[in-house]
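Participant: File my_file_2.pdb follows (PDB, C-alpha atoms):
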ATOM      1  CA  MET A 172      12.643  21.492   9.096
ATOM      2  CA  PHE A 173      12.210  19.923  12.552
ATOM      3  CA  ALA A 174       9.257  22.196  13.360
ATOM      4  CA  TYR A 175       7.746  21.405   9.974
ATOM      5  CA  ILE A 176       8.036  17.658  10.582
ATOM      6  CA  VAL A 177       6.423  18.052  14.011
ATOM      7  CA  ARG A 178       3.508  19.938  12.440
ATOM      8  CA  LYS A 179       3.133  17.209   9.824
ATOM      9  CA  ILE A 180       3.068  14.547  12.556
ATOM     10  CA  LEU A 181       0.392  16.446  14.498
ATOM     11  CA  TYR A 182      -1.615  16.870  11.316
ATOM     12  CA  GLY A 183      -1.213  13.145  10.653
ATOM     13  CA  ILE A 184      -2.555  12.351  14.120
ATOM     14  CA  LEU A 185      -5.648  14.446  13.389
ATOM     15  CA  VAL A 186      -6.107  12.637  10.075
ATOM     16  CA  LEU A 187      -5.746   9.288  11.841
ATOM     17  CA  TRP A 188      -8.341  10.330  14.409
ATOM     18  CA  GLY A 189     -10.722  11.223  11.582
ATOM     19  CA  VAL A 190     -10.113   7.878   9.899
ATOM     20  CA  ALA A 191     -10.671   6.002  13.178
ATOM     21  CA  THR A 192     -13.904   7.929  13.793
ATOM     22  CA  LEU A 193     -15.211   7.304  10.284
ATOM     23  CA  VAL A 194     -14.343   3.615  10.390
ATOM     24  CA  PHE A 195     -15.925   3.159  13.825
ATOM     25  CA  PHE A 196     -19.260   4.707  12.937
ATOM     26  CA  LEU A 197     -19.297   3.073   9.504
ATOM     27  CA  PHE A 198     -18.953  -0.426  10.939
ATOM     28  CA  THR A 199     -21.192   0.320  13.911
ATOM     29  CA  ILE A 200     -24.212   1.207  11.783
ATOM     30  CA  VAL A 201     -23.613  -1.445   9.110
ATOM     31  CA  PRO A 202     -26.428  -4.044   8.931
ATOM     32  CA  GLY A 203     -25.664  -7.429  10.388
ATOM     33  CA  ASP A 204     -24.800  -8.851  13.781
ATOM     34  CA  PRO A 205     -21.247 -10.188  14.233
ATOM     35  CA  VAL A 206     -22.378 -12.246  17.219
ATOM     36  CA  ARG A 207     -24.901 -14.069  15.043
ATOM     37  CA  MET A 208     -22.090 -14.809  12.623
ATOM     38  CA  MET A 209     -20.033 -16.237  15.457
ATOM     39  CA  LEU A 210     -22.748 -18.434  16.943
ATOM     40  CA  GLY A 211     -24.909 -19.138  13.910
ATOM     41  CA  GLN A 212     -28.477 -18.089  13.142
ATOM     42  CA  ARG A 213     -29.943 -20.708  15.483
ATOM     43  CA  ALA A 214     -28.004 -19.536  18.519
ATOM     44  CA  ASP A 215     -29.747 -19.191  21.845
ATOM     45  CA  GLU A 216     -30.851 -15.632  22.581
ATOM     46  CA  GLN A 217     -29.293 -15.684  26.060
ATOM     47  CA  ASP A 218     -25.925 -16.631  24.586
ATOM     48  CA  VAL A 219     -26.234 -13.824  22.054
ATOM     49  CA  GLN A 220     -26.986 -11.277  24.769
ATOM     50  CA  ALA A 221     -24.130 -12.564  26.935
ATOM     51  CA  ILE A 222     -21.587 -12.141  24.152
ATOM     52  CA  HIS A 223     -23.030  -8.719  23.291
ATOM     53  CA  HIS A 224     -22.347  -7.720  26.895
ATOM     54  CA  GLU A 225     -18.872  -9.278  26.873
ATOM     55  CA  LEU A 226     -17.895  -7.372  23.713
ATOM     56  CA  GLY A 227     -19.533  -4.149  24.899
ATOM     57  CA  LEU A 228     -21.962  -4.118  21.969
ATOM     58  CA  ASP A 229     -24.929  -3.544  24.278
ATOM     59  CA  GLN A 230     -23.624  -0.126  25.345
ATOM     60  CA  SER A 231     -24.510   3.196  23.801
ATOM     61  CA  ILE A 232     -22.731   4.320  20.641
ATOM     62  CA  GLY A 233     -21.039   7.162  22.504
ATOM     63  CA  LYS A 234     -19.660   4.856  25.197
ATOM     64  CA  GLN A 235     -18.410   2.393  22.580
ATOM     65  CA  TYR A 236     -16.725   5.236  20.687
ATOM     66  CA  VAL A 237     -14.934   6.570  23.781
ATOM     67  CA  ASP A 238     -13.780   3.064  24.720
ATOM     68  CA  TYR A 239     -12.513   2.510  21.186
ATOM     69  CA  LEU A 240     -10.473   5.724  21.179
ATOM     70  CA  ASN A 241      -9.117   4.838  24.626
ATOM     71  CA  ASP A 242      -7.973   1.461  23.296
ATOM     72  CA  LEU A 243      -6.216   3.132  20.349
ATOM     73  CA  SER A 244      -4.579   5.822  22.462
ATOM     74  CA  VAL A 245      -0.917   5.471  23.404
ATOM     75  CA  ILE A 246      -1.529   7.415  26.628
ATOM     76  CA  SER A 247      -3.377   5.943  29.589
ATOM     77  CA  TYR A 248      -4.277   7.334  33.012
ATOM     78  CA  LYS A 249      -3.677   4.739  35.720
ATOM     79  CA  ASP A 250      -3.316   5.055  39.492
ATOM     80  CA  GLY A 251      -3.030   8.817  39.264
ATOM     81  CA  LYS A 252      -0.226   8.651  36.699
ATOM     82  CA  ILE A 253      -0.063   9.143  32.943
ATOM     83  CA  VAL A 254       1.653   6.161  31.338
ATOM     84  CA  LEU A 255       2.455   5.169  27.775
ATOM     85  CA  LYS A 256       1.010   1.993  26.309
ATOM     86  CA  ALA A 257       0.817   0.214  22.979
ATOM     87  CA  PRO A 258      -2.374   0.755  20.938
ATOM     88  CA  TYR A 259      -4.855  -2.032  21.587
ATOM     89  CA  LEU A 260      -6.684  -3.181  18.443
ATOM     90  CA  ARG A 261      -8.860  -5.683  20.339
ATOM     91  CA  TYR A 262      -9.531  -9.316  19.453
ATOM     92  CA  SER A 263     -10.941 -10.973  16.383
ATOM     93  CA  TYR A 264     -14.582 -11.983  16.757
ATOM     94  CA  GLN A 265     -13.978 -15.215  14.874
ATOM     95  CA  SER A 266     -10.526 -16.524  15.810
ATOM     96  CA  LYS A 267     -10.272 -14.838  19.248
ATOM     97  CA  ARG A 268      -6.717 -13.859  18.354
ATOM     98  CA  PRO A 269      -5.362 -10.337  18.923
ATOM     99  CA  VAL A 270      -5.915  -8.177  15.844
ATOM    100  CA  GLY A 271      -2.376  -6.844  16.157
ATOM    101  CA  THR A 272      -1.003 -10.379  15.829
ATOM    102  CA  ILE A 273      -3.140 -11.118  12.764
ATOM    103  CA  LEU A 274      -2.041  -7.915  11.021
ATOM    104  CA  ALA A 275       1.595  -8.424  12.032
ATOM    105  CA  GLU A 276       1.557 -11.786  10.258
ATOM    106  CA  ALA A 277      -0.103 -10.541   7.055
ATOM    107  CA  PHE A 278       1.182  -6.987   6.594
ATOM    108  CA  PRO A 279       4.859  -7.832   5.889
ATOM    109  CA  ASN A 280       3.759  -9.892   2.869
ATOM    110  CA  THR A 281       1.755  -6.968   1.472
ATOM    111  CA  LEU A 282       4.573  -4.524   2.251
ATOM    112  CA  ILE A 283       7.126  -6.688   0.428
ATOM    113  CA  LEU A 284       4.810  -7.132  -2.548
ATOM    114  CA  ALA A 285       4.056  -3.401  -2.786
ATOM    115  CA  PHE A 286       7.723  -2.422  -2.380
ATOM    116  CA  VAL A 287       8.974  -4.823  -5.063
ATOM    117  CA  SER A 288       6.150  -3.734  -7.402
ATOM    118  CA  ILE A 289       6.854  -0.015  -7.035
ATOM    119  CA  LEU A 290      10.626  -0.592  -7.265
ATOM    120  CA  PHE A 291      10.142  -2.473 -10.532
ATOM    121  CA  ALA A 292       7.834   0.260 -11.839
ATOM    122  CA  PHE A 293      10.191   3.074 -10.773
ATOM    123  CA  VAL A 294      13.408   1.607 -12.228
ATOM    124  CA  ILE A 295      11.924   0.459 -15.536
ATOM    125  CA  GLY A 296       9.649   3.511 -15.823
ATOM    126  CA  VAL A 297      12.437   6.059 -15.281
ATOM    127  CA  LEU A 298      14.732   4.243 -17.725
ATOM    128  CA  LEU A 299      12.045   4.090 -20.398
ATOM    129  CA  GLY A 300      11.032   7.690 -19.795
ATOM    130  CA  VAL A 301      14.615   8.977 -20.032
ATOM    131  CA  LEU A 302      15.386   6.932 -23.140
ATOM    132  CA  THR A 303      12.199   8.082 -24.844
ATOM    133  CA  ALA A 304      12.938  11.721 -24.010
ATOM    134  CA  ILE A 305      16.561  11.786 -25.226
ATOM    135  CA  VAL A 306      16.466   9.204 -28.048
ATOM    136  CA  ASN A 307      14.292  10.054 -31.039
ATOM    137  CA  SER A 308      13.385   6.532 -32.141
ATOM    138  CA  ASN A 309      10.080   5.499 -33.690
ATOM    139  CA  PHE A 310      10.438   1.961 -32.367
ATOM    140  CA  LEU A 311      11.148   3.139 -28.814
ATOM    141  CA  ASN A 312       8.283   5.653 -28.904
ATOM    142  CA  ARG A 313       5.841   3.008 -30.140
ATOM    143  CA  PHE A 314       7.065   0.454 -27.601
ATOM    144  CA  THR A 315       6.682   2.965 -24.770
ATOM    145  CA  LEU A 316       3.216   3.917 -26.003
ATOM    146  CA  PHE A 317       2.248   0.237 -26.077
ATOM    147  CA  ILE A 318       3.497  -0.332 -22.507
ATOM    148  CA  THR A 319       1.740   2.744 -21.104
ATOM    149  CA  THR A 320      -1.519   1.963 -22.925
ATOM    150  CA  ILE A 321      -1.594  -1.628 -21.691
ATOM    151  CA  GLY A 322      -0.676  -0.592 -18.168
ATOM    152  CA  MET A 323      -3.387   2.048 -17.881
ATOM    153  CA  SER A 324      -6.183   0.166 -19.648
ATOM    154  CA  LEU A 325      -5.990  -3.240 -17.948
ATOM    155  CA  PRO A 326      -7.882  -3.514 -14.628
ATOM    156  CA  SER A 327      -5.783  -5.159 -11.932
ATOM    157  CA  PHE A 328      -8.090  -8.143 -11.460
ATOM    158  CA  PHE A 329      -8.138  -8.901 -15.185
ATOM    159  CA  ALA A 330      -4.401  -8.384 -15.533
ATOM    160  CA  ALA A 331      -3.837 -10.741 -12.589
ATOM    161  CA  ILE A 332      -5.954 -13.487 -14.155
ATOM    162  CA  LEU A 333      -4.343 -13.018 -17.572
ATOM    163  CA  ILE A 334      -0.762 -12.998 -16.274
ATOM    164  CA  ALA A 335      -1.384 -15.958 -13.949
ATOM    165  CA  TRP A 336      -2.918 -17.987 -16.794
ATOM    166  CA  LEU A 337      -0.254 -17.065 -19.375
ATOM    167  CA  PHE A 338       2.949 -17.302 -17.323
ATOM    168  CA  GLY A 339       1.805 -19.704 -14.606
ATOM    169  CA  PHE A 340      -0.187 -22.185 -16.711
ATOM    170  CA  VAL A 341       0.428 -21.926 -20.472
ATOM    171  CA  LEU A 342       4.153 -21.143 -20.185
ATOM    172  CA  GLU A 343       4.777 -22.926 -16.898
ATOM    173  CA  SER A 344       7.317 -25.308 -18.458
ATOM    174  CA  VAL A 345       9.311 -22.300 -19.728
ATOM    175  CA  THR A 346       8.971 -19.850 -16.819
ATOM    176  CA  GLY A 347       8.922 -22.364 -13.970
ATOM    177  CA  LEU A 348       6.341 -20.179 -12.208
ATOM    178  CA  SER A 349       3.074 -21.284 -10.616
ATOM    179  CA  MET A 350      -0.305 -19.589 -10.743
ATOM    180  CA  THR A 351      -0.595 -19.312  -6.964
ATOM    181  CA  GLY A 352       1.777 -19.100  -4.036
ATOM    182  CA  SER A 353       2.908 -16.859  -1.221
ATOM    183  CA  LEU A 354       6.267 -15.736   0.122
ATOM    184  CA  PHE A 355       6.667 -18.952   2.090
ATOM    185  CA  SER A 356       5.757 -22.380   0.743
ATOM    186  CA  VAL A 357       5.480 -25.865   2.219
ATOM    187  CA  ASP A 358       6.524 -29.142   0.683
ATOM    188  CA  ASP A 359       4.179 -31.731  -0.814
ATOM    189  CA  TYR A 360       3.635 -33.298   2.608
ATOM    190  CA  GLY A 361       2.799 -29.998   4.322
ATOM    191  CA  ASN A 362       5.976 -30.019   6.364
ATOM    192  CA  GLY A 363       8.090 -26.958   7.048
ATOM    193  CA  ALA A 364       8.067 -23.568   5.364
ATOM    194  CA  TYR A 365      10.754 -22.246   3.031
ATOM    195  CA  LEU A 366      11.273 -18.903   1.326
ATOM    196  CA  ASP A 367      10.014 -19.068  -2.264
ATOM    197  CA  LEU A 368      10.879 -15.764  -3.953
ATOM    198  CA  LYS A 369       9.747 -16.868  -7.407
ATOM    199  CA  ASN A 370       6.133 -16.610  -6.218
ATOM    200  CA  LEU A 371       6.747 -12.863  -5.907
ATOM    201  CA  ILE A 372       7.438 -12.349  -9.618
ATOM    202  CA  LEU A 373       3.942 -12.575 -11.120
ATOM    203  CA  PRO A 374       2.001 -10.572  -8.486
ATOM    204  CA  ALA A 375       4.725  -7.902  -8.438
ATOM    205  CA  LEU A 376       4.630  -7.683 -12.236
ATOM    206  CA  THR A 377       0.842  -7.383 -12.154
ATOM    207  CA  LEU A 378       0.779  -4.680  -9.479
ATOM    208  CA  GLY A 379       3.614  -2.763 -11.120
ATOM    209  CA  LEU A 380       2.029  -2.445 -14.567
ATOM    210  CA  ARG A 381      -0.120   0.607 -13.895
ATOM    211  CA  PRO A 382       2.437   2.652 -11.901
ATOM    212  CA  LEU A 383       4.997   1.698 -14.561
ATOM    213  CA  ALA A 384       2.828   3.327 -17.227
ATOM    214  CA  VAL A 385       2.349   6.491 -15.137
ATOM    215  CA  ILE A 386       6.013   6.825 -14.166
ATOM    216  CA  THR A 387       7.222   6.273 -17.744
ATOM    217  CA  GLU A 388       4.990   8.935 -19.246
ATOM    218  CA  LEU A 389       5.529  11.363 -16.381
ATOM    219  CA  THR A 390       9.326  11.024 -16.548
ATOM    220  CA  ARG A 391       9.314  11.565 -20.297
ATOM    221  CA  THR A 392       7.048  14.635 -20.140
ATOM    222  CA  THR A 393       8.791  16.375 -17.245
ATOM    223  CA  LEU A 394      12.278  15.642 -18.602
ATOM    224  CA  LEU A 395      11.391  17.136 -21.994
ATOM    225  CA  GLU A 396      10.036  20.212 -20.219
ATOM    226  CA  VAL A 397      13.137  20.597 -18.044
ATOM    227  CA  MET A 398      15.484  20.110 -21.013
ATOM    228  CA  SER A 399      13.965  23.175 -22.675
ATOM    229  CA  MET A 400      14.711  25.514 -19.745
ATOM    230  CA  ASP A 401      17.355  28.226 -19.756
ATOM    231  CA  TYR A 402      19.676  26.749 -17.135
ATOM    232  CA  ILE A 403      19.959  23.534 -19.189
ATOM    233  CA  ARG A 404      20.987  25.550 -22.239
ATOM    234  CA  THR A 405      23.508  27.377 -20.030
ATOM    235  CA  ALA A 406      24.956  24.075 -18.833
ATOM    236  CA  LYS A 407      25.294  22.896 -22.420
ATOM    237  CA  ALA A 408      26.962  26.188 -23.384
ATOM    238  CA  LYS A 409      29.562  25.647 -20.651
ATOM    239  CA  GLY A 410      30.630  22.498 -22.438
ATOM    240  CA  LEU A 411      29.314  19.963 -19.930
ATOM    241  CA  LYS A 412      28.896  16.452 -21.218
ATOM    242  CA  LYS A 413      25.391  15.367 -22.202
ATOM    243  CA  TRP A 414      25.150  12.636 -19.575
ATOM    244  CA  ARG A 415      26.152  15.131 -16.853
ATOM    245  CA  VAL A 416      23.607  17.700 -17.997
ATOM    246  CA  ILE A 417      20.852  15.094 -17.975
ATOM    247  CA  GLY A 418      21.863  13.160 -14.869
ATOM    248  CA  VAL A 419      22.934  16.005 -12.572
ATOM    249  CA  HIS A 420      20.876  18.999 -13.693
ATOM    250  CA  ALA A 421      17.822  17.909 -15.677
ATOM    251  CA  LEU A 422      16.860  14.544 -14.169
ATOM    252  CA  ARG A 423      17.148  15.725 -10.581
ATOM    253  CA  ASN A 424      14.620  18.513 -11.110
ATOM    254  CA  ALA A 425      12.398  16.277 -13.218
ATOM    255  CA  MET A 426      12.136  13.732 -10.392
ATOM    256  CA  THR A 427       9.923  15.841  -8.106
ATOM    257  CA  PRO A 428       6.587  14.963  -9.790
ATOM    258  CA  VAL A 429       7.822  11.387 -10.247
ATOM    259  CA  VAL A 430       8.437  11.087  -6.495
ATOM    260  CA  THR A 431       4.901  12.346  -5.930
ATOM    261  CA  ALA A 432       3.546   9.664  -8.253
ATOM    262  CA  VAL A 433       5.680   6.931  -6.665
ATOM    263  CA  SER A 434       4.569   7.822  -3.136
ATOM    264  CA  GLY A 435       0.918   7.923  -4.121
ATOM    265  CA  TRP A 436       1.103   4.650  -6.013
ATOM    266  CA  PHE A 437       3.028   2.919  -3.239
ATOM    267  CA  ALA A 438       0.324   3.902  -0.777
ATOM    268  CA  SER A 439      -2.405   2.736  -3.161
ATOM    269  CA  LEU A 440      -0.629  -0.587  -3.676
ATOM    270  CA  LEU A 441      -0.629  -1.156   0.071
ATOM    271  CA  ALA A 442      -4.369  -0.585   0.204
ATOM    272  CA  GLY A 443      -5.455  -1.866  -3.197
ATOM    273  CA  ALA A 444      -3.718  -5.218  -3.687
ATOM    274  CA  VAL A 445      -6.819  -7.171  -2.686
ATOM    275  CA  PHE A 446      -7.705  -8.664  -6.081
ATOM    276  CA  VAL A 447      -4.114  -9.462  -6.978
ATOM    277  CA  GLU A 448      -3.499 -11.143  -3.629
ATOM    278  CA  TYR A 449      -6.640 -13.224  -4.039
ATOM    279  CA  VAL A 450      -5.834 -14.335  -7.589
ATOM    280  CA  PHE A 451      -2.279 -15.362  -6.698
ATOM    281  CA  ASP A 452      -3.209 -16.598  -3.190
ATOM    282  CA  TRP A 453      -0.711 -14.160  -1.695
ATOM    283  CA  LYS A 454      -1.219 -14.168   2.085
ATOM    284  CA  GLY A 455      -1.321 -10.425   2.624
ATOM    285  CA  ILE A 456      -3.437  -7.770   4.273
ATOM    286  CA  GLY A 457      -5.937  -7.684   1.394
ATOM    287  CA  VAL A 458      -6.906 -11.314   1.886
ATOM    288  CA  VAL A 459      -7.299 -10.675   5.616
ATOM    289  CA  ILE A 460      -9.613  -7.704   4.978
ATOM    290  CA  VAL A 461     -11.861  -9.564   2.537
ATOM    291  CA  ASP A 462     -12.073 -12.606   4.790
ATOM    292  CA  ALA A 463     -12.910 -10.405   7.796
ATOM    293  CA  LEU A 464     -15.614  -8.526   5.863
ATOM    294  CA  ASP A 465     -17.149 -11.813   4.781
ATOM    295  CA  LYS A 466     -17.381 -12.930   8.413
ATOM    296  CA  PHE A 467     -18.364  -9.552   9.920
ATOM    297  CA  ASP A 468     -15.094  -9.576  11.846
ATOM    298  CA  PHE A 469     -15.091  -5.807  12.292
ATOM    299  CA  PRO A 470     -12.112  -5.391  14.686
ATOM    300  CA  VAL A 471      -9.818  -6.945  12.067
ATOM    301  CA  VAL A 472     -11.134  -4.669   9.301
ATOM    302  CA  MET A 473     -10.901  -1.573  11.471
ATOM    303  CA  GLY A 474      -7.371  -2.444  12.558
ATOM    304  CA  ALA A 475      -6.289  -3.034   8.958
ATOM    305  CA  VAL A 476      -7.706   0.303   7.797
ATOM    306  CA  LEU A 477      -5.971   2.148  10.629
ATOM    307  CA  LEU A 478      -2.700   0.393   9.841
ATOM    308  CA  ILE A 479      -2.933   1.482   6.199
ATOM    309  CA  GLY A 480      -3.755   5.017   7.371
ATOM    310  CA  VAL A 481      -0.607   5.107   9.508
ATOM    311  CA  MET A 482       1.467   3.945   6.541
ATOM    312  CA  LEU A 483      -0.026   6.679   4.337
ATOM    313  CA  ILE A 484       0.846   9.343   6.901
ATOM    314  CA  ILE A 485       4.422   8.074   7.234
ATOM    315  CA  ILE A 486       4.837   7.968   3.453
ATOM    316  CA  ASN A 487       3.591  11.553   3.096
ATOM    317  CA  ILE A 488       6.067  12.814   5.706
ATOM    318  CA  VAL A 489       8.966  10.976   4.048
ATOM    319  CA  VAL A 490       7.983  12.371   0.635
ATOM    320  CA  ASP A 491       7.936  15.928   1.986
ATOM    321  CA  ILE A 492      11.496  15.452   3.247
ATOM    322  CA  ILE A 493      12.588  14.033  -0.123
ATOM    323  CA  TYR A 494      11.100  17.093  -1.844
ATOM    324  CA  GLY A 495      13.497  19.308   0.067
ATOM    325  CA  ILE A 496      16.442  17.142  -0.982
ATOM    326  CA  LEU A 497      15.533  16.985  -4.673
ATOM    327  CA  ASP A 498      14.396  20.559  -5.179
ATOM    328  CA  PRO A 499      16.007  23.374  -3.117
ATOM    329  CA  ARG A 500      13.098  25.659  -4.043
ATOM    330  CA  VAL A 501      10.778  23.797  -1.672
ATOM    331  CA  ARG A 502      13.168  23.466   1.243
ATOM    332  CA  ILE A 503      12.048  24.811   4.591
ATOM    333  CA  LYS A 504      14.656  27.110   6.111
TER     334      LYS A 504
END
Can the structure from this file be put into structure tokens for me?
Facilitator:
Amino acid sequence: MFAYIVRKILYGILVLWGVATLVFFLFTIVPGDPVRMMLGQRADEQDVQAIHHELGLDQSIGKQYVDYLNDLSVISYKDGKIVLKAPYLRYSYQSKRPVGTILAEAFPNTLILAFVSILFAFVIGVLLGVLTAIVNSNFLNRFTLFITTIGMSLPSFFAAILIAWLFGFVLESVTGLSMTGSLFSVDDYGNGAYLDLKNLILPALTLGLRPLAVITELTRTTLLEVMSMDYIRTAKAKGLKKWRVIGVHALRNAMTPVVTAVSGWFASLLAGAVFVEYVFDWKGIGVVIVDALDKFDFPVVMGAVLLIGVMLIIINIVVDIIYGILDPRVRIK
């Protein structure tokens, strides 16, 4: 298993290198001059050239690419010695702040939002899927069908607007929720910052709708398939209780495709919460990316994409390990 994990890490590094290369050349050839955005269209040409030189934008594409990879590398050659260093994501063109600092401030909000959303979808989805599979009820089947249909058919941006309007405006007196807000709020005078967890409810509900629909249907389908297998009939013939047959034998084997879905959706929530964050004014990585694209602040965008790539690689490695725990057939000896 250790050798397998090492191979996965090396493969992840190659994937990350490919992502960094693609992102670099994509934002290098994109039309538009970030220096013009910084100084304005009426900026003096000498100032523009000076900043181009300061940022290294007047060098050849190959030299810029090598310098970029050197900044991202954790290994540096200095004074005849190989030393380890932290990846350098450069500075924002607009705010002059380190990109790492900007992402460190925004990413925890997105991570919390994505985690709560996928946790809500997983718990409710598995419960609904199990109940639908073992309880033959017309009401439950129709309710589950309604939830899955709504979850899969509503685009995230429309669902965000609808949920914000309904629960944060129309029913505000009942729910006590607001249409916008982030993890931390300030008082009416702009003083201080306090943790406001209720602002997490509506964006998490919105983001969790689609994975909830997928997890519910997937749990139901796989559990019905597993329940028809021979070893389940053998367990029943031994006189095991129904809850033990389902919980210990059937559900454990049915969880493998569900784990795959959860990992994929969690990764997509990290990268695809842009519209939801904007609608609810949730100060996460999606808002940072859109704002940076609007201002041609390419180092911020490139750093955000690489950060999401690292998270995807880590998630894939963790999921592979979970596979071996859930299903002995895929364990690496």
Participant: Which residues would end up in the selection if the PyMOL selection byres ((chain A and resi 376-389) around 6) were applied here, given that I need the answer as a list in words?
Facilitator: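 Taken on the displayed file, the PyMOL selection byres ((chain A and resi 376-389) around 6) yields the residues Ser288, Ile289, Ala292, Gly296, Val297, Leu299, Gly300, Thr319, Gly322, Met323, Ala331, Leu373, Pro374, Ala375, Thr390, Arg391 and Thr392 of chain A.
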Participant: Please report the interatomic distance between atom CA of Lys412 of chain A and atom CA of Ser308 of chain A in Å with one decimal.
Facilitator: 21.4 Å
Participant: Might you pull out every residue within 12 Å of Glu396 of chain A, with all atoms listed in the file counted and same-chain residues fewer than 3 positions away left off, and present them as a list in words?
Facilitator: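 Listed by chain and then number, they are Ala304, Ile305, Leu389, Thr390, Arg391, Thr392, Thr393, Ser399, Met400, Asp401, Ile403, Ala421, Leu422, Asn424, Ala425 and Met426 of chain A.
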Participant: May I have the residues from that selection written out with C-alpha atoms, as a tab-separated table (two decimals), in the coordinates of the input?
Facilitator:
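The file below, selection_32.tsv, is the result:
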chain	number	residue	atom	x	y	z
A	304	ALA	CA	12.94	11.72	-24.01
A	305	ILE	CA	16.56	11.79	-25.23
A	389	LEU	CA	5.53	11.36	-16.38
A	390	THR	CA	9.33	11.02	-16.55
A	391	ARG	CA	9.31	11.56	-20.30
A	392	THR	CA	7.05	14.64	-20.14
A	393	THR	CA	8.79	16.38	-17.24
A	399	SER	CA	13.96	23.18	-22.68
A	400	MET	CA	14.71	25.51	-19.74
A	401	ASP	CA	17.36	28.23	-19.76
A	403	ILE	CA	19.96	23.53	-19.19
A	421	ALA	CA	17.82	17.91	-15.68
A	422	LEU	CA	16.86	14.54	-14.17
A	424	ASN	CA	14.62	18.51	-11.11
A	425	ALA	CA	12.40	16.28	-13.22
A	426	MET	CA	12.14	13.73	-10.39
Participant: List, as a ChimeraX atom specification, every residue that the PyMOL selection byres ((chain A and resi 253-263) around 9) selects in the file provided.
Facilitator: /A:239,241-252,264-271,273,463,468-471,473-474
Participant: Calculate, to one decimal in Å, the centre and edge lengths of the box along x, y and z of the file that holds all listed atoms of segment 253-268 of chain A with 5 Å of margin on each side, and present them as lines of an AutoDock Vina configuration file.
Facilitator:
center_x = -6.1
center_y = -3.7
center_z = 23.9
size_x = 27.0
size_y = 35.7
size_z = 28.1
Participant: One decimal, Å: what's the distance from atom CA of Thr303 of chain A over to atom CA of Ser324 of chain A, could you say?
Facilitator: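 If I compute the distance from atom CA of Thr303 of chain A to atom CA of Ser324 of chain A, I get 20.7 Å.
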Participant: Taking the file as I've supplied it (selection: the PyMOL selection byres ((chain A and resi 477-490) around 7)), which residues are included? Please answer as a count of residues only.
Facilitator: 15
Participant: Could you please determine the separation between atom CA of Ala285 of chain A and atom CA of Phe437 of chain A in Å, to one decimal place?
Facilitator: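 Distance between the two atoms: 6.4 Å.
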Participant: Using only C-alpha atoms, can you tell me which of A:Tyr175, A:Phe317, A:Tyr236, A:Trp436 comes closest to Thr199 of chain A?
Facilitator: A:Tyr236
